[in-house]
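The file protein-v3.pdb comes next; it holds PDB, C-alpha atoms and all ligand atoms.
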```
ATOM      1  CA  MET I   1     -12.902 -18.445  20.509  1.00  0.00           C
ATOM      2  CA  GLU I   2     -16.453 -17.228  19.939  1.00  0.00           C
ATOM      3  CA  ARG I   3     -16.947 -16.522  16.241  1.00  0.00           C
ATOM      4  CA  TYR I   4     -20.684 -15.891  15.922  1.00  0.00           C
ATOM      5  CA  SER I   5     -22.897 -13.323  17.565  1.00  0.00           C
ATOM      6  CA  GLU I   6     -25.906 -11.090  17.115  1.00  0.00           C
ATOM      7  CA  ILE I   7     -25.706  -7.337  17.594  1.00  0.00           C
ATOM      8  CA  LEU I   8     -29.054  -6.409  19.084  1.00  0.00           C
ATOM      9  CA  GLU I   9     -28.748  -2.640  19.384  1.00  0.00           C
ATOM     10  CA  LYS I  10     -28.103  -0.041  16.693  1.00  0.00           C
ATOM     11  CA  ASN I  11     -28.149  -1.469  13.170  1.00  0.00           C
ATOM     12  CA  ARG I  12     -29.167  -4.954  14.303  1.00  0.00           C
ATOM     13  CA  ARG I  13     -27.190  -7.609  12.502  1.00  0.00           C
ATOM     14  CA  GLU I  14     -25.469 -10.951  12.786  1.00  0.00           C
ATOM     15  CA  ILE I  15     -21.687 -10.940  12.951  1.00  0.00           C
ATOM     16  CA  VAL I  16     -19.130 -13.634  12.225  1.00  0.00           C
ATOM     17  CA  LEU I  17     -15.414 -13.654  12.893  1.00  0.00           C
ATOM     18  CA  LEU I  18     -13.847 -15.737  10.132  1.00  0.00           C
ATOM     19  CA  ARG I  19     -10.227 -16.758   9.625  1.00  0.00           C
ATOM     20  CA  GLY I  20      -8.011 -16.143   6.644  1.00  0.00           C
ATOM     21  CA  SER I  21      -4.350 -16.066   5.749  1.00  0.00           C
ATOM     22  CA  GLY I  22      -3.856 -13.085   8.055  1.00  0.00           C
ATOM     23  CA  CYS I  23      -3.267  -9.391   7.691  1.00  0.00           C
ATOM     24  CA  ARG I  24      -0.534  -8.718   5.153  1.00  0.00           C
ATOM     25  CA  TRP I  25       0.237  -5.301   6.589  1.00  0.00           C
ATOM     26  CA  ARG I  26       0.836  -6.278  10.217  1.00  0.00           C
ATOM     27  CA  ARG I  27       2.652  -3.044  11.003  1.00  0.00           C
ATOM     28  CA  CYS I  28       0.071  -1.163  13.039  1.00  0.00           C
ATOM     29  CA  ARG I  29       1.863  -0.574  16.317  1.00  0.00           C
ATOM     30  CA  PHE I  30      -1.287  -0.995  18.422  1.00  0.00           C
ATOM     31  CA  CYS I  31      -2.511  -4.281  16.960  1.00  0.00           C
ATOM     32  CA  ASP I  32      -2.097  -7.975  17.611  1.00  0.00           C
ATOM     33  CA  TYR I  33      -5.441  -9.078  16.123  1.00  0.00           C
ATOM     34  CA  HIS I  34      -3.574 -10.402  13.111  1.00  0.00           C
ATOM     35  CA  LEU I  35      -2.531 -13.381  15.238  1.00  0.00           C
ATOM     36  CA  ASP I  36      -5.932 -14.917  14.394  1.00  0.00           C
ATOM     37  CA  ALA I  37      -4.752 -16.419  11.095  1.00  0.00           C
ATOM     38  CA  SER I  38      -3.632 -19.671   9.542  1.00  0.00           C
ATOM     39  CA  ALA I  39      -1.627 -20.534   6.445  1.00  0.00           C
ATOM     40  CA  ASN I  40      -3.672 -23.731   6.095  1.00  0.00           C
ATOM     41  CA  GLU I  41      -6.345 -22.680   3.635  1.00  0.00           C
ATOM     42  CA  ASN I  42      -8.356 -25.886   3.887  1.00  0.00           C
ATOM     43  CA  GLU I  43      -8.606 -25.578   7.653  1.00  0.00           C
ATOM     44  CA  ASN I  44      -9.678 -21.956   7.298  1.00  0.00           C
ATOM     45  CA  ILE I  45     -12.353 -22.924   4.783  1.00  0.00           C
ATOM     46  CA  GLN I  46     -13.709 -25.659   7.056  1.00  0.00           C
ATOM     47  CA  LEU I  47     -13.703 -23.435  10.120  1.00  0.00           C
ATOM     48  CA  ASN I  48     -15.444 -20.660   8.218  1.00  0.00           C
ATOM     49  CA  LYS I  49     -18.081 -23.063   6.872  1.00  0.00           C
ATOM     50  CA  GLU I  50     -18.902 -24.116  10.431  1.00  0.00           C
ATOM     51  CA  VAL I  51     -19.207 -20.511  11.581  1.00  0.00           C
ATOM     52  CA  LEU I  52     -21.315 -19.514   8.574  1.00  0.00           C
ATOM     53  CA  SER I  53     -23.656 -22.463   9.202  1.00  0.00           C
ATOM     54  CA  ARG I  54     -24.833 -20.596  12.330  1.00  0.00           C
ATOM     55  CA  VAL I  55     -26.083 -17.619  10.324  1.00  0.00           C
ATOM     56  CA  THR I  56     -29.876 -17.443  10.376  1.00  0.00           C
ATOM     57  CA  GLY I  57     -30.572 -14.324   8.320  1.00  0.00           C
ATOM     58  CA  ARG I  58     -32.739 -13.029  11.177  1.00  0.00           C
ATOM     59  CA  PHE I  59     -31.951  -9.360  10.507  1.00  0.00           C
ATOM     60  CA  HIS I  60     -31.184  -9.669   6.768  1.00  0.00           C
ATOM     61  CA  LYS I  61     -27.817  -8.091   7.616  1.00  0.00           C
ATOM     62  CA  LEU I  62     -24.506  -9.835   8.166  1.00  0.00           C
ATOM     63  CA  GLU I  63     -21.153  -8.396   9.209  1.00  0.00           C
ATOM     64  CA  VAL I  64     -18.084 -10.448   8.345  1.00  0.00           C
ATOM     65  CA  ILE I  65     -14.815  -9.658  10.082  1.00  0.00           C
ATOM     66  CA  ASN I  66     -11.555 -11.550   9.792  1.00  0.00           C
ATOM     67  CA  SER I  67      -8.784  -9.787  11.712  1.00  0.00           C
ATOM     68  CA  GLY I  68      -7.607  -8.279   8.456  1.00  0.00           C
ATOM     69  CA  SER I  69      -9.275  -7.537   5.134  1.00  0.00           C
ATOM     70  CA  PHE I  70     -11.806  -9.480   3.085  1.00  0.00           C
ATOM     71  CA  PRO I  71      -9.328 -10.226   0.242  1.00  0.00           C
ATOM     72  CA  GLU I  72      -7.351 -12.229   2.817  1.00  0.00           C
ATOM     73  CA  LEU I  73     -10.208 -14.736   3.110  1.00  0.00           C
ATOM     74  CA  PRO I  74     -10.105 -17.861   0.915  1.00  0.00           C
ATOM     75  CA  ASN I  75     -11.994 -17.609  -2.388  1.00  0.00           C
ATOM     76  CA  GLN I  76     -14.106 -20.569  -1.297  1.00  0.00           C
ATOM     77  CA  THR I  77     -15.117 -18.713   1.868  1.00  0.00           C
ATOM     78  CA  MET I  78     -16.168 -15.695  -0.186  1.00  0.00           C
ATOM     79  CA  GLN I  79     -18.327 -18.049  -2.231  1.00  0.00           C
ATOM     80  CA  ASP I  80     -19.746 -19.596   0.952  1.00  0.00           C
ATOM     81  CA  ILE I  81     -20.593 -16.120   2.268  1.00  0.00           C
ATOM     82  CA  GLU I  82     -22.361 -15.281  -0.973  1.00  0.00           C
ATOM     83  CA  ASP I  83     -24.249 -18.581  -0.867  1.00  0.00           C
ATOM     84  CA  ILE I  84     -25.394 -18.164   2.740  1.00  0.00           C
ATOM     85  CA  CYS I  85     -26.587 -14.629   2.013  1.00  0.00           C
ATOM     86  CA  ILE I  86     -28.725 -15.865  -0.866  1.00  0.00           C
ATOM     87  CA  LYS I  87     -30.004 -18.843   1.112  1.00  0.00           C
ATOM     88  CA  LYS I  88     -30.894 -16.832   4.229  1.00  0.00           C
ATOM     89  CA  GLY I  89     -32.227 -13.699   2.545  1.00  0.00           C
ATOM     90  CA  ILE I  90     -29.403 -11.410   3.631  1.00  0.00           C
ATOM     91  CA  THR I  91     -29.438  -8.210   1.619  1.00  0.00           C
ATOM     92  CA  GLU I  92     -26.776  -6.164   3.429  1.00  0.00           C
ATOM     93  CA  LEU I  93     -23.283  -7.528   3.872  1.00  0.00           C
ATOM     94  CA  HIS I  94     -20.508  -5.761   5.770  1.00  0.00           C
ATOM     95  CA  PHE I  95     -16.790  -6.458   5.417  1.00  0.00           C
ATOM     96  CA  GLU I  96     -13.557  -4.932   6.703  1.00  0.00           C
ATOM     97  CA  CYS I  97     -10.829  -3.714   4.404  1.00  0.00           C
ATOM     98  CA  HIS I  98      -7.460  -2.008   4.775  1.00  0.00           C
ATOM     99  CA  TYR I  99      -6.734   0.932   2.496  1.00  0.00           C
ATOM    100  CA  HIS I 100      -4.181  -1.191   0.629  1.00  0.00           C
ATOM    101  CA  PHE I 101      -6.955  -3.363  -0.758  1.00  0.00           C
ATOM    102  CA  ARG I 102      -9.178  -0.465  -1.808  1.00  0.00           C
ATOM    103  CA  ASP I 103      -9.158  -1.527  -5.465  1.00  0.00           C
ATOM    104  CA  ALA I 104     -10.782  -4.821  -4.489  1.00  0.00           C
ATOM    105  CA  VAL I 105     -13.867  -3.013  -3.171  1.00  0.00           C
ATOM    106  CA  ALA I 106     -15.593  -2.072  -6.446  1.00  0.00           C
ATOM    107  CA  PRO I 107     -15.399  -5.602  -7.928  1.00  0.00           C
ATOM    108  CA  LEU I 108     -16.864  -7.027  -4.708  1.00  0.00           C
ATOM    109  CA  ARG I 109     -19.711  -4.511  -4.758  1.00  0.00           C
ATOM    110  CA  ALA I 110     -20.428  -5.383  -8.408  1.00  0.00           C
ATOM    111  CA  ARG I 111     -20.321  -9.126  -7.730  1.00  0.00           C
ATOM    112  CA  MET I 112     -22.727  -8.945  -4.792  1.00  0.00           C
ATOM    113  CA  ASP I 113     -24.959  -6.360  -6.418  1.00  0.00           C
ATOM    114  CA  LYS I 114     -25.766  -8.883  -9.130  1.00  0.00           C
ATOM    115  CA  LYS I 115     -27.176 -11.109  -6.377  1.00  0.00           C
ATOM    116  CA  GLY I 116     -29.194  -8.318  -4.778  1.00  0.00           C
ATOM    117  CA  ILE I 117     -26.759  -7.898  -1.893  1.00  0.00           C
ATOM    118  CA  CYS I 118     -25.611  -4.428  -0.865  1.00  0.00           C
ATOM    119  CA  VAL I 119     -21.996  -4.390   0.338  1.00  0.00           C
ATOM    120  CA  LYS I 120     -20.827  -2.037   3.093  1.00  0.00           C
ATOM    121  CA  ILE I 121     -17.114  -1.708   3.684  1.00  0.00           C
ATOM    122  CA  LYS I 122     -15.608  -0.646   6.991  1.00  0.00           C
ATOM    123  CA  SER I 123     -12.014   0.484   7.230  1.00  0.00           C
ATOM    124  CA  GLY I 124      -9.843   1.079  10.267  1.00  0.00           C
ATOM    125  CA  ILE I 125      -8.795   4.687   9.827  1.00  0.00           C
ATOM    126  CA  GLU I 126      -8.236   5.136  13.611  1.00  0.00           C
ATOM    127  CA  THR I 127      -7.904   8.933  13.370  1.00  0.00           C
ATOM    128  CA  PHE I 128      -8.091  11.601  10.677  1.00  0.00           C
ATOM    129  CA  ASP I 129      -4.911  13.180  12.067  1.00  0.00           C
ATOM    130  CA  ASP I 130      -2.591  11.870   9.325  1.00  0.00           C
ATOM    131  CA  LEU I 131       0.661  12.673  11.084  1.00  0.00           C
ATOM    132  CA  PHE I 132      -0.358  10.998  14.321  1.00  0.00           C
ATOM    133  CA  ARG I 133      -1.808   8.019  12.484  1.00  0.00           C
ATOM    134  CA  GLU I 134       1.143   7.395  10.223  1.00  0.00           C
ATOM    135  CA  SER I 135       4.115   8.360  12.391  1.00  0.00           C
ATOM    136  CA  TYR I 136       2.828   6.923  15.665  1.00  0.00           C
ATOM    137  CA  LEU I 137       0.351   4.192  14.750  1.00  0.00           C
ATOM    138  CA  GLY I 138       2.031   3.016  11.532  1.00  0.00           C
ATOM    139  CA  LYS I 139      -1.325   2.515   9.835  1.00  0.00           C
ATOM    140  CA  GLY I 140      -0.153   2.640   6.228  1.00  0.00           C
ATOM    141  CA  ILE I 141      -2.805   4.963   4.809  1.00  0.00           C
ATOM    142  CA  GLY I 142      -0.560   7.915   3.994  1.00  0.00           C
ATOM    143  CA  ASN I 143      -2.292  11.277   3.770  1.00  0.00           C
ATOM    144  CA  ALA I 144      -5.467  10.157   2.015  1.00  0.00           C
ATOM    145  CA  SER I 145      -8.184  12.703   2.785  1.00  0.00           C
ATOM    146  CA  PRO I 146     -11.571  11.750   4.309  1.00  0.00           C
ATOM    147  CA  LYS I 147     -13.162  12.532   0.934  1.00  0.00           C
ATOM    148  CA  ALA I 148     -10.744  10.213  -0.866  1.00  0.00           C
ATOM    149  CA  LEU I 149     -11.304   7.464   1.704  1.00  0.00           C
ATOM    150  CA  ALA I 150     -15.073   7.840   1.365  1.00  0.00           C
ATOM    151  CA  GLU I 151     -14.813   6.943  -2.324  1.00  0.00           C
ATOM    152  CA  TYR I 152     -14.047   3.393  -1.201  1.00  0.00           C
ATOM    153  CA  PHE I 153     -15.384   2.962   2.301  1.00  0.00           C
ATOM    154  CA  ASP I 154     -18.853   3.335   3.851  1.00  0.00           C
ATOM    155  CA  GLU I 155     -17.877   3.056   7.513  1.00  0.00           C
ATOM    156  CA  VAL I 156     -14.793   3.788   9.602  1.00  0.00           C
ATOM    157  CA  CYS I 157     -13.281   2.506  12.816  1.00  0.00           C
ATOM    158  CA  LEU I 158     -11.634   5.020  15.127  1.00  0.00           C
ATOM    159  CA  LEU I 159      -9.240   4.187  17.939  1.00  0.00           C
ATOM    160  CA  PHE I 160      -9.382   6.224  21.139  1.00  0.00           C
ATOM    161  CA  GLY I 161      -7.562   6.046  24.455  1.00  0.00           C
ATOM    162  CA  LEU I 162      -4.133   6.702  22.999  1.00  0.00           C
ATOM    163  CA  PRO I 163      -1.441   8.935  24.486  1.00  0.00           C
ATOM    164  CA  GLY I 164      -1.714  12.451  23.038  1.00  0.00           C
ATOM    165  CA  GLN I 165      -5.435  12.341  22.235  1.00  0.00           C
ATOM    166  CA  THR I 166      -7.672  15.025  23.718  1.00  0.00           C
ATOM    167  CA  GLU I 167     -11.379  15.746  24.055  1.00  0.00           C
ATOM    168  CA  LYS I 168     -11.094  18.031  21.052  1.00  0.00           C
ATOM    169  CA  SER I 169      -9.203  15.555  18.890  1.00  0.00           C
ATOM    170  CA  MET I 170     -11.625  12.711  19.654  1.00  0.00           C
ATOM    171  CA  GLU I 171     -14.676  14.867  18.956  1.00  0.00           C
ATOM    172  CA  ARG I 172     -13.119  16.096  15.729  1.00  0.00           C
ATOM    173  CA  ASP I 173     -12.474  12.526  14.583  1.00  0.00           C
ATOM    174  CA  ILE I 174     -16.058  11.459  15.255  1.00  0.00           C
ATOM    175  CA  GLU I 175     -17.502  14.537  13.557  1.00  0.00           C
ATOM    176  CA  ILE I 176     -15.348  14.046  10.454  1.00  0.00           C
ATOM    177  CA  GLY I 177     -16.354  10.405  10.438  1.00  0.00           C
ATOM    178  CA  LEU I 178     -20.048  11.289  10.599  1.00  0.00           C
ATOM    179  CA  SER I 179     -19.664  13.898   7.868  1.00  0.00           C
ATOM    180  CA  TYR I 180     -18.104  11.612   5.304  1.00  0.00           C
ATOM    181  CA  PHE I 181     -19.233   8.101   6.234  1.00  0.00           C
ATOM    182  CA  GLU I 182     -22.485   6.303   7.007  1.00  0.00           C
ATOM    183  CA  ARG I 183     -21.327   4.890  10.311  1.00  0.00           C
ATOM    184  CA  VAL I 184     -18.498   5.285  12.822  1.00  0.00           C
ATOM    185  CA  CYS I 185     -17.236   2.553  15.130  1.00  0.00           C
ATOM    186  CA  VAL I 186     -15.199   3.775  18.100  1.00  0.00           C
ATOM    187  CA  ASN I 187     -12.822   1.272  19.664  1.00  0.00           C
ATOM    188  CA  ILE I 188     -11.210   1.986  22.998  1.00  0.00           C
ATOM    189  CA  MET I 189      -7.558   0.953  23.134  1.00  0.00           C
ATOM    190  CA  GLN I 190      -6.881  -2.021  25.338  1.00  0.00           C
ATOM    191  CA  LYS I 191      -3.546  -3.373  26.456  1.00  0.00           C
ATOM    192  CA  ASN I 192      -2.419  -6.250  24.309  1.00  0.00           C
ATOM    193  CA  SER I 193       0.927  -7.645  23.167  1.00  0.00           C
ATOM    194  CA  ALA I 194       1.635  -4.728  20.783  1.00  0.00           C
ATOM    195  CA  ALA I 195       3.929  -1.796  21.540  1.00  0.00           C
ATOM    196  CA  ILE I 196       1.389   0.980  22.126  1.00  0.00           C
ATOM    197  CA  LEU I 197      -0.281   1.179  25.512  1.00  0.00           C
ATOM    198  CA  PRO I 198      -3.657   2.700  26.372  1.00  0.00           C
ATOM    199  CA  ASP I 199      -3.636   6.021  28.215  1.00  0.00           C
ATOM    200  CA  PRO I 200      -6.002   5.791  31.226  1.00  0.00           C
ATOM    201  CA  ASP I 201      -6.359   9.582  31.431  1.00  0.00           C
ATOM    202  CA  VAL I 202      -7.486   9.796  27.808  1.00  0.00           C
ATOM    203  CA  ILE I 203      -9.936   6.943  28.342  1.00  0.00           C
ATOM    204  CA  GLN I 204     -11.339   8.810  31.339  1.00  0.00           C
ATOM    205  CA  ILE I 205     -11.800  11.945  29.227  1.00  0.00           C
ATOM    206  CA  PHE I 206     -13.571   9.854  26.611  1.00  0.00           C
ATOM    207  CA  LEU I 207     -15.916   8.320  29.180  1.00  0.00           C
ATOM    208  CA  GLU I 208     -16.765  11.635  30.821  1.00  0.00           C
ATOM    209  CA  LYS I 209     -16.947  13.984  27.839  1.00  0.00           C
ATOM    210  CA  ILE I 210     -17.309  12.097  24.559  1.00  0.00           C
ATOM    211  CA  TYR I 211     -19.220   8.944  25.390  1.00  0.00           C
ATOM    212  CA  PRO I 212     -22.332  10.724  26.751  1.00  0.00           C
ATOM    213  CA  ARG I 213     -22.530  12.872  23.608  1.00  0.00           C
ATOM    214  CA  TYR I 214     -22.608   9.928  21.199  1.00  0.00           C
ATOM    215  CA  VAL I 215     -23.940   6.970  23.153  1.00  0.00           C
ATOM    216  CA  LYS I 216     -27.433   7.388  21.718  1.00  0.00           C
ATOM    217  CA  ASN I 217     -26.329   8.220  18.193  1.00  0.00           C
ATOM    218  CA  GLU I 218     -27.622   5.427  15.961  1.00  0.00           C
ATOM    219  CA  ARG I 219     -24.715   5.917  13.565  1.00  0.00           C
ATOM    220  CA  VAL I 220     -22.040   5.479  16.221  1.00  0.00           C
ATOM    221  CA  ASP I 221     -21.012   2.110  17.658  1.00  0.00           C
ATOM    222  CA  ILE I 222     -18.830   2.312  20.756  1.00  0.00           C
ATOM    223  CA  LEU I 223     -16.808  -0.710  21.830  1.00  0.00           C
ATOM    224  CA  LEU I 224     -15.415  -0.160  25.293  1.00  0.00           C
ATOM    225  CA  GLU I 225     -14.010  -3.696  25.095  1.00  0.00           C
ATOM    226  CA  ASN I 226     -12.945  -5.169  21.786  1.00  0.00           C
ATOM    227  CA  THR I 227     -15.186  -8.193  22.407  1.00  0.00           C
ATOM    228  CA  ASP I 228     -18.319  -6.046  22.798  1.00  0.00           C
ATOM    229  CA  PHE I 229     -19.653  -7.235  19.450  1.00  0.00           C
ATOM    230  CA  GLY I 230     -19.749 -10.706  20.998  1.00  0.00           C
ATOM    231  CA  VAL I 231     -16.979 -12.263  18.907  1.00  0.00           C
ATOM    232  CA  GLY I 232     -13.291 -12.728  19.602  1.00  0.00           C
ATOM    233  CA  GLY I 233     -13.764 -13.567  23.275  1.00  0.00           C
ATOM    234  CA  GLU I 234     -14.129 -16.814  25.109  1.00  0.00           C
ATOM    235  CA  LYS I 235     -16.486 -19.245  23.418  1.00  0.00           C
ATOM    236  CA  LYS I 236     -19.967 -19.532  24.848  1.00  0.00           C
ATOM    237  CA  GLU I 237     -21.360 -23.030  25.130  1.00  0.00           C
ATOM    238  CA  GLU I 238     -24.887 -22.178  24.105  1.00  0.00           C
ATOM    239  CA  LYS I 239     -25.800 -20.546  20.856  1.00  0.00           C
ATOM    240  CA  ASN I 240     -26.998 -16.951  21.058  1.00  0.00           C
ATOM    241  CA  LEU I 241     -25.871 -16.454  24.623  1.00  0.00           C
ATOM    242  CA  CYS I 242     -23.347 -13.864  23.610  1.00  0.00           C
ATOM    243  CA  GLN I 243     -25.753 -11.066  22.931  1.00  0.00           C
ATOM    244  CA  THR I 244     -23.721  -7.961  22.621  1.00  0.00           C
ATOM    245  CA  ASN I 245     -23.427  -5.250  25.155  1.00  0.00           C
ATOM    246  CA  LEU I 246     -23.152  -2.596  22.525  1.00  0.00           C
ATOM    247  CA  PHE I 247     -23.538   0.972  23.645  1.00  0.00           C
TER     248      PHE I 247
HETATM  249  S1  LIG I 301      -5.003  -3.008  12.604  1.00  0.00           S
HETATM  250 FE1  LIG I 301      -5.693  -4.169  10.829  1.00  0.00          FE
HETATM  251  S2  LIG I 301      -4.276  -3.543   9.185  1.00  0.00           S
HETATM  252 FE2  LIG I 301      -3.297  -2.984  11.121  1.00  0.00          FE
HETATM  253  S3  LIG I 301      -1.984  -4.747  11.627  1.00  0.00           S
HETATM  254 FE3  LIG I 301      -3.960  -5.026  12.682  1.00  0.00          FE
HETATM  255  S4  LIG I 301      -5.159  -6.322  11.318  1.00  0.00           S
HETATM  256 FE4  LIG I 301      -3.462  -5.435  10.104  1.00  0.00          FE
END
```
Just dump the structure as structure tokens.
Amino acid sequence: MERYSEILEKNRREIVLLRGSGCRWRRCRFCDYHLDASANENENIQLNKEVLSRVTGRFHKLEVINSGSFPELPNQTMQDIEDICIKKGITELHFECHYHFRDAVAPLRARMDKKGICVKIKSGIETFDDLFRESYLGKGIGNASPKALAEYFDEVCLLFGLPGQTEKSMERDIEIGLSYFERVCVNIMQKNSAAILPDPDVIQIFLEKIYPRYVKNERVDILLENTDFGVGGEKKEEKNLCQTNLF
């Protein structure tokens, strides 16, 4: 699996897909990403060291994802991330975090701030329609308001292409995201081994009506395929070949 890439459009940064103990929530009905996990901490640490050794610091920004939340990474890997940031002059560091780990965010910000590294936390909120999110997607966020979520998180992921979504609902989600958060990352639902299926009609509405409105917005990443950031797909043989096709 490819675990290193560079995002060359919109907020240029390096990105690494690391491996941890796995998502502890695992109940989102649309997700099977949590399968990228191992209970063998030493193997995770070694794998992550190899991936981190590819970081160059070229953009002074690094995004770390791990098919879960940053507290699910080994402590040693967190130290290795900190070390590589210092060594390569990285001053902005992005992580993912589920709402359940929100209390781990402030200590991480404080820890990295002491080293001159600004932490940005992205959380998969999927939609600001609480009822849809909790009763259908099983996300585990409850009815936390956008304002409450923004106390912890800087960026949000939204999930589109689901049965029941409309042009209006998708636009509303993006606009709320842009009002409360620095950046919005739109993921288009793809068929995987989880229960929820993508709705082709909703995806078509997104492509025709929503995509053209936001494709040039510097604060909106749009992943039509979940490997568009260049990680998570088939491994490329040559370094830096997997430049992203980020819209
Ligand atoms: S979407 Fe995130 S929180 Fe939900 S099961 Fe998948 S990895 Fe876990």
Chain and number of each residue from the PyMOL selection byres (((chain I and resi 166-168) around 10) and not hetatm), as a PyMOL selection string:
chain I and resi 160-165+169-173+201-203+205-206+208-210
How close does chain I get to ligand LIG 301 (chain I)? List, as a tab-separated table, each residue of chain I within 7 Å, its nearest atom pair and the distance in Å to one decimal, counting all atoms listed in the file.
```
residue	atom	partner	partner_atom	distance
I:Cys23	CA	I:LIG301	FE4	4.6
I:Arg24	CA	I:LIG301	FE4	6.6
I:Trp25	CA	I:LIG301	FE4	5.1
I:Arg26	CA	I:LIG301	S3	3.5
I:Arg27	CA	I:LIG301	S3	5.0
I:Cys28	CA	I:LIG301	FE2	4.3
I:Cys31	CA	I:LIG301	FE3	4.6
I:Asp32	CA	I:LIG301	FE3	6.0
I:Tyr33	CA	I:LIG301	FE3	5.5
I:His34	CA	I:LIG301	S4	4.7
I:Ser67	CA	I:LIG301	S4	5.0
I:Gly68	CA	I:LIG301	S4	4.2
I:His98	CA	I:LIG301	S2	5.7
I:Gly124	CA	I:LIG301	FE1	6.7
I:Lys139	CA	I:LIG301	FE2	6.0
```
Take the point (-21.8, -14.2, 15.6) as written in the file and pick out every residue within 7 Å of it, counting only C-alpha atoms; give the list as JSON, numbers by chain.
{"I": [3, 4, 5, 6, 14, 15, 16, 17, 230, 231]}
Selected residues written out, C-alpha atoms, as a PDB file, keeping the file's coordinate frame:
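Saved file selection_1.pdb follows:
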```pdb
ATOM      1  CA  ARG I   3     -16.947 -16.522  16.241  1.00  0.00           C
ATOM      2  CA  TYR I   4     -20.684 -15.891  15.922  1.00  0.00           C
ATOM      3  CA  SER I   5     -22.897 -13.323  17.565  1.00  0.00           C
ATOM      4  CA  GLU I   6     -25.906 -11.090  17.115  1.00  0.00           C
ATOM      5  CA  GLU I  14     -25.469 -10.951  12.786  1.00  0.00           C
ATOM      6  CA  ILE I  15     -21.687 -10.940  12.951  1.00  0.00           C
ATOM      7  CA  VAL I  16     -19.130 -13.634  12.225  1.00  0.00           C
ATOM      8  CA  LEU I  17     -15.414 -13.654  12.893  1.00  0.00           C
ATOM      9  CA  GLY I 230     -19.749 -10.706  20.998  1.00  0.00           C
ATOM     10  CA  VAL I 231     -16.979 -12.263  18.907  1.00  0.00           C
TER      11      VAL I 231
END
```
As an exercise, work out the distance from CA of Asn187 in chain I to CA of Pro146 in chain I in Å and give it to one decimal place.
18.6 Å
So which residues get picked by the PyMOL selection byres (((chain I and resi 86) around 12) and not hetatm) here, written as a ChimeraX atom specification?
/I:55-57,60-62,79-85,87-93,112-118
Selection dump of the PyMOL selection byres (((chain I and resi 71) around 9) and not hetatm), as a tab-separated table (two decimals) with C-alpha atoms, in the frame of the given file:
```
chain	number	residue	atom	x	y	z
I	20	GLY	CA	-8.01	-16.14	6.64
I	68	GLY	CA	-7.61	-8.28	8.46
I	69	SER	CA	-9.28	-7.54	5.13
I	70	PHE	CA	-11.81	-9.48	3.08
I	72	GLU	CA	-7.35	-12.23	2.82
I	73	LEU	CA	-10.21	-14.74	3.11
I	74	PRO	CA	-10.10	-17.86	0.92
I	75	ASN	CA	-11.99	-17.61	-2.39
I	78	MET	CA	-16.17	-15.70	-0.19
I	97	CYS	CA	-10.83	-3.71	4.40
I	101	PHE	CA	-6.96	-3.36	-0.76
I	104	ALA	CA	-10.78	-4.82	-4.49
```
Could you list, as a PDB file with C-alpha atoms, keeping the file's coordinate frame, every residue within 12 Å of Phe229 in chain I, counting all atoms listed in the file and ignoring same-chain residues fewer than 2 positions away?
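Result file out19.pdb:
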```pdb
ATOM      1  CA  GLU I   2     -16.453 -17.228  19.939  1.00  0.00           C
ATOM      2  CA  ARG I   3     -16.947 -16.522  16.241  1.00  0.00           C
ATOM      3  CA  TYR I   4     -20.684 -15.891  15.922  1.00  0.00           C
ATOM      4  CA  SER I   5     -22.897 -13.323  17.565  1.00  0.00           C
ATOM      5  CA  GLU I   6     -25.906 -11.090  17.115  1.00  0.00           C
ATOM      6  CA  ILE I   7     -25.706  -7.337  17.594  1.00  0.00           C
ATOM      7  CA  LEU I   8     -29.054  -6.409  19.084  1.00  0.00           C
ATOM      8  CA  GLU I   9     -28.748  -2.640  19.384  1.00  0.00           C
ATOM      9  CA  LYS I  10     -28.103  -0.041  16.693  1.00  0.00           C
ATOM     10  CA  ARG I  12     -29.167  -4.954  14.303  1.00  0.00           C
ATOM     11  CA  ARG I  13     -27.190  -7.609  12.502  1.00  0.00           C
ATOM     12  CA  GLU I  14     -25.469 -10.951  12.786  1.00  0.00           C
ATOM     13  CA  ILE I  15     -21.687 -10.940  12.951  1.00  0.00           C
ATOM     14  CA  VAL I  16     -19.130 -13.634  12.225  1.00  0.00           C
ATOM     15  CA  LEU I  17     -15.414 -13.654  12.893  1.00  0.00           C
ATOM     16  CA  GLU I  63     -21.153  -8.396   9.209  1.00  0.00           C
ATOM     17  CA  VAL I  64     -18.084 -10.448   8.345  1.00  0.00           C
ATOM     18  CA  ILE I  65     -14.815  -9.658  10.082  1.00  0.00           C
ATOM     19  CA  CYS I 185     -17.236   2.553  15.130  1.00  0.00           C
ATOM     20  CA  VAL I 186     -15.199   3.775  18.100  1.00  0.00           C
ATOM     21  CA  ASN I 187     -12.822   1.272  19.664  1.00  0.00           C
ATOM     22  CA  ASP I 221     -21.012   2.110  17.658  1.00  0.00           C
ATOM     23  CA  ILE I 222     -18.830   2.312  20.756  1.00  0.00           C
ATOM     24  CA  LEU I 223     -16.808  -0.710  21.830  1.00  0.00           C
ATOM     25  CA  LEU I 224     -15.415  -0.160  25.293  1.00  0.00           C
ATOM     26  CA  GLU I 225     -14.010  -3.696  25.095  1.00  0.00           C
ATOM     27  CA  ASN I 226     -12.945  -5.169  21.786  1.00  0.00           C
ATOM     28  CA  THR I 227     -15.186  -8.193  22.407  1.00  0.00           C
ATOM     29  CA  VAL I 231     -16.979 -12.263  18.907  1.00  0.00           C
ATOM     30  CA  GLY I 232     -13.291 -12.728  19.602  1.00  0.00           C
ATOM     31  CA  GLY I 233     -13.764 -13.567  23.275  1.00  0.00           C
ATOM     32  CA  CYS I 242     -23.347 -13.864  23.610  1.00  0.00           C
ATOM     33  CA  GLN I 243     -25.753 -11.066  22.931  1.00  0.00           C
ATOM     34  CA  THR I 244     -23.721  -7.961  22.621  1.00  0.00           C
ATOM     35  CA  ASN I 245     -23.427  -5.250  25.155  1.00  0.00           C
ATOM     36  CA  LEU I 246     -23.152  -2.596  22.525  1.00  0.00           C
ATOM     37  CA  PHE I 247     -23.538   0.972  23.645  1.00  0.00           C
TER      38      PHE I 247
END
```
